[in-house]
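The structure under discussion appears below in the form of structure tokens.
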Amino acid sequence: MTMDAQFESTLQAHLERWGLTVDEAALARMWRHFELVVEKNRVMNLTRITDPARAAALHYADSLALLAWAKSADAKVRTVLDIGSGAGYPSVPLAVARPDWQITAIDATRKKVDFLRQVIDEIGLSNLSVVQAHSEHWKPEHCFDVLTFRALAALGEGIATCGRHVARSGHLVAYKTARLDSSEVQSAKEAAAVHHLARRPIFEYELRCGDEIIPRALWVYQRK
């Protein structure tokens, strides 16, 4: 199926604002991922967003905001762990856009893991691996340069359960709204201290879909 023009133009507009580029082949692979998500969504709840333009902004551009942060922070990234990847956000767009990054996605739900393995086979993502696991019990062979979660939990809870997987000098990056209430920020501060993570500047950005502007932010912590 030909890529939807609104999907392509919406995603390209976000990337241009961030000074990022991806080639047509990468855009086509992200579109194919979206098609697979919509198809699987008929029998399994993966997303409420099935409009191509909204998905381009709220799923794909949002996922790729990590690239804009890495560029602005001059972060050295080789390995990424995506906790609770679900339908593959942000792991699949990141793996497509950055074939030089080795990305691991974990999810506790077998059906979602099976779906992601189908995606990997379908669009050919040799730099993405998927594991069925709970992050608090999982014991990987190594820690990661960047650990990220997008729709997993409150900030403090996510840090508490995942923080041990961050490599020395690595970063934990949580996709959140631009403004969090003080209790969530305080909980995150306490959890970060346990894992020797220091808070770094928040990376704020906007997602735009038609006339709608949605403020978003990456909350960043670095292991001391």
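By order of appearance in the structure tokens: chains A, B, ..., then residues from 1 within every chain, and ligands from 1 in the order shown.
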Next item on the list: Can you pull out every residue within 10 Å of Ala75 of chain A, counting only C-alpha atoms, but drop anything in the same chain fewer than 4 positions away, and send it as a list of chain:residue names?
Entry: A:Leu67, A:Trp69, A:Ala70, A:Lys71, A:Asp145, A:Val146, A:Ser169, A:Gly170, A:His171
Notebook entry, point to check: Can you tell me, as a list in words, what residues are no more than 8 Å from Leu128 of chain A when counting only C-alpha atoms, ignoring any on the same chain fewer than 5 positions away?
Noted result: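 Residues meeting the cut-off are Ser91, Val92, Ala95, Gln102, Ile103, Thr104, Ala105 and Ile120 of chain A.
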Write the residues you've just listed into a file as a short mmCIF file (atom, residue, chain, number, x, y, z; two decimals), in the first residue's frame, and include C-alpha atoms for each of them.
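New file again_30.cif:
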```
data_model
loop_
_atom_site.label_atom_id
_atom_site.label_comp_id
_atom_site.auth_asym_id
_atom_site.auth_seq_id
_atom_site.Cartn_x
_atom_site.Cartn_y
_atom_site.Cartn_z
CA SER A 91 11.79 1.12 19.62
CA VAL A 92 10.74 0.56 15.99
CA ALA A 95 15.69 1.26 15.06
CA GLN A 102 21.55 -1.64 18.95
CA ILE A 103 18.08 -1.52 20.46
CA THR A 104 16.45 -3.97 22.85
CA ALA A 105 12.72 -3.81 23.50
CA ILE A 120 11.23 -7.21 12.78
#
```
Next item on the list: Return as a PyMOL selection string the full set of residues in segment 93-199 of chain A whose backbone-based DSSP assignment is strand (DSSP E or B).
Entry: chain A and resi 102-107+128-132+144-149+166-177+197-199
Next item on the list: Name all residues at most 7 Å from segment 195-208 of chain A (count only C-alpha atoms; drop same-chain ones fewer than 2 positions away) and give them as a list in words.
Entry: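 Using only C-alpha atoms, the neighbours found are Ala57, Leu58, Trp69, Gly163, Arg164, Ala178, Ala191, Ala192, Ala193, Gly210, Glu212, Ile213, Ile214, Pro215, Arg216, Ala217, Leu218, Trp219, Val220, Tyr221, Gln222, Arg223 and Lys224 of chain A.
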Which residues come within 10 Å of Ser187 of chain A, counting only C-alpha atoms, excluding same-chain residues fewer than 2 positions away, as an mmCIF file with N, CA and C atoms, in the first residue's frame?
```
data_model
loop_
_atom_site.group_PDB
_atom_site.id
_atom_site.type_symbol
_atom_site.label_atom_id
_atom_site.label_comp_id
_atom_site.auth_asym_id
_atom_site.auth_seq_id
_atom_site.Cartn_x
_atom_site.Cartn_y
_atom_site.Cartn_z
ATOM 1 N N ALA A 154 4.246 6.086 36.081
ATOM 2 C CA ALA A 154 4.639 7.395 36.582
ATOM 3 C C ALA A 154 6.159 7.472 36.615
ATOM 4 N N LEU A 155 6.695 8.676 36.561
ATOM 5 C CA LEU A 155 8.132 8.873 36.428
ATOM 6 C C LEU A 155 8.916 8.187 37.545
ATOM 7 N N GLY A 156 8.522 8.404 38.790
ATOM 8 C CA GLY A 156 9.245 7.807 39.915
ATOM 9 C C GLY A 156 9.201 6.296 39.898
ATOM 10 N N GLU A 157 8.038 5.746 39.577
ATOM 11 C CA GLU A 157 7.897 4.285 39.519
ATOM 12 C C GLU A 157 8.770 3.702 38.413
ATOM 13 N N ILE A 159 11.543 4.981 37.157
ATOM 14 C CA ILE A 159 12.944 5.056 37.565
ATOM 15 C C ILE A 159 13.263 3.973 38.583
ATOM 16 N N ALA A 160 12.353 3.769 39.527
ATOM 17 C CA ALA A 160 12.588 2.789 40.588
ATOM 18 C C ALA A 160 12.731 1.378 40.037
ATOM 19 N N SER A 182 4.062 18.194 41.335
ATOM 20 C CA SER A 182 5.219 18.216 42.233
ATOM 21 C C SER A 182 5.443 16.874 42.925
ATOM 22 N N SER A 183 4.367 16.154 43.215
ATOM 23 C CA SER A 183 4.521 14.865 43.895
ATOM 24 C C SER A 183 5.205 13.845 42.994
ATOM 25 N N GLU A 184 4.903 13.868 41.681
ATOM 26 C CA GLU A 184 5.562 12.937 40.756
ATOM 27 C C GLU A 184 7.036 13.294 40.603
ATOM 28 N N VAL A 185 7.336 14.586 40.563
ATOM 29 C CA VAL A 185 8.732 15.029 40.444
ATOM 30 C C VAL A 185 9.526 14.645 41.694
ATOM 31 N N LYS A 189 12.702 12.122 42.080
ATOM 32 C CA LYS A 189 13.963 12.540 42.709
ATOM 33 C C LYS A 189 14.450 11.502 43.707
ATOM 34 N N GLU A 190 13.526 10.964 44.494
ATOM 35 C CA GLU A 190 13.889 9.968 45.499
ATOM 36 C C GLU A 190 14.338 8.668 44.837
ATOM 37 N N ALA A 191 13.607 8.233 43.796
ATOM 38 C CA ALA A 191 13.981 7.001 43.096
ATOM 39 C C ALA A 191 15.322 7.164 42.389
ATOM 40 N N ALA A 192 15.557 8.329 41.812
ATOM 41 C CA ALA A 192 16.811 8.580 41.109
ATOM 42 C C ALA A 192 17.999 8.512 42.060
#
```
Next item on the list: Run DSSP on the backbone of this structure and report the residues of segment 143-220 of chain A it assigns to alpha helix (DSSP H), as a VMD selection string.
Entry: chain A and resid 155 to 162 182 to 194
Next item on the list: Go through A:Gly86, A:Ala68, A:Ser63, A:Thr50 one by one, measure the shortest atom-to-atom distance of each to Glu16 of chain A using only C-alpha atoms, and give the residue with the smallest value.
Entry: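 Using only C-alpha atoms, Glu16 of chain A sits closest to A:Ala68.
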Margin query: Give me, as a PyMOL selection string, all polymer residues having an atom no more than 7 Å from segment 3-5 of chain A, counting only C-alpha atoms and skipping those fewer than 2 positions away in the same chain.
Written below: chain A and resi 1+7-9+28+31+52
Notebook entry, point to check: At what distance in Å, to one decimal, does atom CA of Gln6 of chain A lie from atom CA of Ala61 of chain A?
Noted result: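 If I compute the distance from atom CA of Ala61 of chain A to atom CA of Gln6 of chain A, I get 13.1 Å.
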